[in-house]
Amino acid sequence: MIIESILTTLDAGGAVNFAPMGVEWGEEEIVLKPFLETTTFRNLQATGAAVVNLTDDVMLFAQGAISNAQFPAAPATVVRGVVLEAACSWREVRVRSLDATPPRARVVTGVVHRGVRREFLGFNRARNAVLEAAILATRTHLLPPDQIRDEFARLQVIVDKTAGPREREAMALLTDYVRLAPAAR
Ligand SMILES: Cc1cc2nc3c(=O)[nH]c(=O)nc-3n(C[C@H](O)[C@H](O)[C@H](O)COP(=O)(O)O)c2cc1C
């Protein structure tokens, strides 16, 4: 099963990177699949550690998908890395093996620490819709503009029915972004 997370990694100099990533979940082992051109991949190669943050705040997925976002975070417990303030829980992981076959690496990691910060209240339809919209926002260069527009219209109906203010704000951010993003040709 793929679980959507916010992955935090450090570069060799200690600069923090935040990126939404779907990870193959396991209790002892988590598989990361970053594209080779991502900062996440370069950091994993350089430092061999990461924190898999689980959060119900979809704003982080929206901002992380469309910008080089920075979020409040504190040092991790065991690995050299950081835990999001917005994390409900997290896993600290170390790289066991790294297969850099293009276009997408397969990085097998071992869980070395687990932490819990607050209750994961749950996902709902609007949060799920924002996640789908965030993925679409990372694919504007690949998909026809009509398809993006149609899917956003469908997702907006769900947001209008079931969102709170945070989800509405995240959806508005993504809608503005895809309106201005260069289209696929
Ligand atoms: C929900 C979600 C899941 C994502 N999963 C992945 C993934 O598994 N691998 C990947 O390379 N990019 C994934 N992305 C896209 C990355 O977040 C995006 O390319 C990001 O810019 C990479 O950041 P980085 O260069 O700072 O590492 C995902 C995006 C979203 C919104």
# chains A, B, ... in the order shown; residues from 1 in each chain; ligands from 1
$ residues_near_ligand --ligand "ligand 1" --cutoff "6 Å" --atoms "only C-alpha atoms and all ligand atoms" --output "count of residues only"
18
$ residues_around --residues "Ile2 in chain A" --least-positions-apart "6" --cutoff "8 Å" --atoms "only C-alpha atoms" --output "PyMOL selection string"
chain A and resi 22-25
$ select_by_dssp --residues "range 42-98 of chain A" --states "alpha helix (DSSP H)" --output "number ranges by chain"
A: 42-47, 59-66
$ residues_around --residues "range 111-121 of chain A" --least-positions-apart "3" --cutoff "9 Å" --atoms "only C-alpha atoms" --output "list in words"
Gly26, Glu27, Glu28, Glu29, Ile30, Leu54, Thr55, Asp56, Thr77, Val78, Val79, Glu85, Ala86, Ala87, Cys88, Ser89, Trp90, Arg91, Glu92, Val93 and Arg94 of chain A
$ closest_residue --among "A:Asp57, A:Glu37, A:Glu132, A:Asp11" --to "Glu167 in chain A" --atoms "only C-alpha atoms"
A:Asp57
$ decode --residues "range 122-143 of chain A" --atoms "N, CA and C atoms" --output "PDB file, in the first residue's frame"
ATOM      1  N   GLY A 122      -8.245  12.170  10.815  1.00  0.00           N
ATOM      2  CA  GLY A 122      -8.858  11.382   9.752  1.00  0.00           C
ATOM      3  C   GLY A 122      -8.858  12.149   8.460  1.00  0.00           C
ATOM      4  N   PHE A 123      -9.048  11.404   7.379  1.00  0.00           N
ATOM      5  CA  PHE A 123      -9.180  12.032   6.075  1.00  0.00           C
ATOM      6  C   PHE A 123     -10.658  12.112   5.752  1.00  0.00           C
ATOM      7  N   ASN A 124     -11.015  13.054   4.904  1.00  0.00           N
ATOM      8  CA  ASN A 124     -12.395  13.095   4.422  1.00  0.00           C
ATOM      9  C   ASN A 124     -12.353  13.339   2.912  1.00  0.00           C
ATOM     10  N   ARG A 125     -13.518  13.499   2.294  1.00  0.00           N
ATOM     11  CA  ARG A 125     -13.555  13.611   0.837  1.00  0.00           C
ATOM     12  C   ARG A 125     -12.814  14.854   0.364  1.00  0.00           C
ATOM     13  N   ALA A 126     -12.970  15.966   1.084  1.00  0.00           N
ATOM     14  CA  ALA A 126     -12.307  17.209   0.659  1.00  0.00           C
ATOM     15  C   ALA A 126     -10.792  17.069   0.757  1.00  0.00           C
ATOM     16  N   ARG A 127     -10.306  16.450   1.812  1.00  0.00           N
ATOM     17  CA  ARG A 127      -8.863  16.281   1.970  1.00  0.00           C
ATOM     18  C   ARG A 127      -8.323  15.387   0.851  1.00  0.00           C
ATOM     19  N   ASN A 128      -9.060  14.338   0.565  1.00  0.00           N
ATOM     20  CA  ASN A 128      -8.671  13.461  -0.529  1.00  0.00           C
ATOM     21  C   ASN A 128      -8.672  14.214  -1.864  1.00  0.00           C
ATOM     22  N   ALA A 129      -9.681  15.070  -2.044  1.00  0.00           N
ATOM     23  CA  ALA A 129      -9.777  15.845  -3.289  1.00  0.00           C
ATOM     24  C   ALA A 129      -8.581  16.795  -3.415  1.00  0.00           C
ATOM     25  N   VAL A 130      -8.170  17.412  -2.317  1.00  0.00           N
ATOM     26  CA  VAL A 130      -7.012  18.317  -2.354  1.00  0.00           C
ATOM     27  C   VAL A 130      -5.746  17.531  -2.706  1.00  0.00           C
ATOM     28  N   LEU A 131      -5.610  16.332  -2.154  1.00  0.00           N
ATOM     29  CA  LEU A 131      -4.457  15.490  -2.502  1.00  0.00           C
ATOM     30  C   LEU A 131      -4.421  15.206  -3.999  1.00  0.00           C
ATOM     31  N   GLU A 132      -5.580  14.845  -4.550  1.00  0.00           N
ATOM     32  CA  GLU A 132      -5.643  14.558  -5.995  1.00  0.00           C
ATOM     33  C   GLU A 132      -5.325  15.809  -6.800  1.00  0.00           C
ATOM     34  N   ALA A 133      -5.815  16.953  -6.334  1.00  0.00           N
ATOM     35  CA  ALA A 133      -5.536  18.218  -7.023  1.00  0.00           C
ATOM     36  C   ALA A 133      -4.039  18.543  -6.957  1.00  0.00           C
ATOM     37  N   ALA A 134      -3.402  18.224  -5.826  1.00  0.00           N
ATOM     38  CA  ALA A 134      -1.966  18.484  -5.667  1.00  0.00           C
ATOM     39  C   ALA A 134      -1.164  17.632  -6.658  1.00  0.00           C
ATOM     40  N   ILE A 135      -1.578  16.375  -6.820  1.00  0.00           N
ATOM     41  CA  ILE A 135      -0.896  15.508  -7.797  1.00  0.00           C
ATOM     42  C   ILE A 135      -1.066  16.080  -9.204  1.00  0.00           C
ATOM     43  N   LEU A 136      -2.301  16.500  -9.532  1.00  0.00           N
ATOM     44  CA  LEU A 136      -2.534  17.079 -10.869  1.00  0.00           C
ATOM     45  C   LEU A 136      -1.639  18.302 -11.073  1.00  0.00           C
ATOM     46  N   ALA A 137      -1.461  19.099 -10.021  1.00  0.00           N
ATOM     47  CA  ALA A 137      -0.651  20.322 -10.127  1.00  0.00           C
ATOM     48  C   ALA A 137       0.808  19.994 -10.448  1.00  0.00           C
ATOM     49  N   THR A 138       1.267  18.791 -10.064  1.00  0.00           N
ATOM     50  CA  THR A 138       2.653  18.418 -10.401  1.00  0.00           C
ATOM     51  C   THR A 138       2.738  17.846 -11.826  1.00  0.00           C
ATOM     52  N   ARG A 139       1.570  17.761 -12.517  1.00  0.00           N
ATOM     53  CA  ARG A 139       1.570  17.122 -13.846  1.00  0.00           C
ATOM     54  C   ARG A 139       1.067  18.036 -14.955  1.00  0.00           C
ATOM     55  N   THR A 140       1.070  19.354 -14.690  1.00  0.00           N
ATOM     56  CA  THR A 140       0.529  20.280 -15.702  1.00  0.00           C
ATOM     57  C   THR A 140       1.336  20.230 -16.997  1.00  0.00           C
ATOM     58  N   HIS A 141       2.614  19.846 -16.914  1.00  0.00           N
ATOM     59  CA  HIS A 141       3.444  19.781 -18.114  1.00  0.00           C
ATOM     60  C   HIS A 141       3.199  18.491 -18.901  1.00  0.00           C
ATOM     61  N   LEU A 142       2.426  17.569 -18.330  1.00  0.00           N
ATOM     62  CA  LEU A 142       2.204  16.267 -18.972  1.00  0.00           C
ATOM     63  C   LEU A 142       0.779  16.087 -19.481  1.00  0.00           C
ATOM     64  N   LEU A 143      -0.185  16.781 -18.858  1.00  0.00           N
ATOM     65  CA  LEU A 143      -1.603  16.524 -19.150  1.00  0.00           C
ATOM     66  C   LEU A 143      -2.220  17.664 -19.960  1.00  0.00           C
TER      67      LEU A 143
END
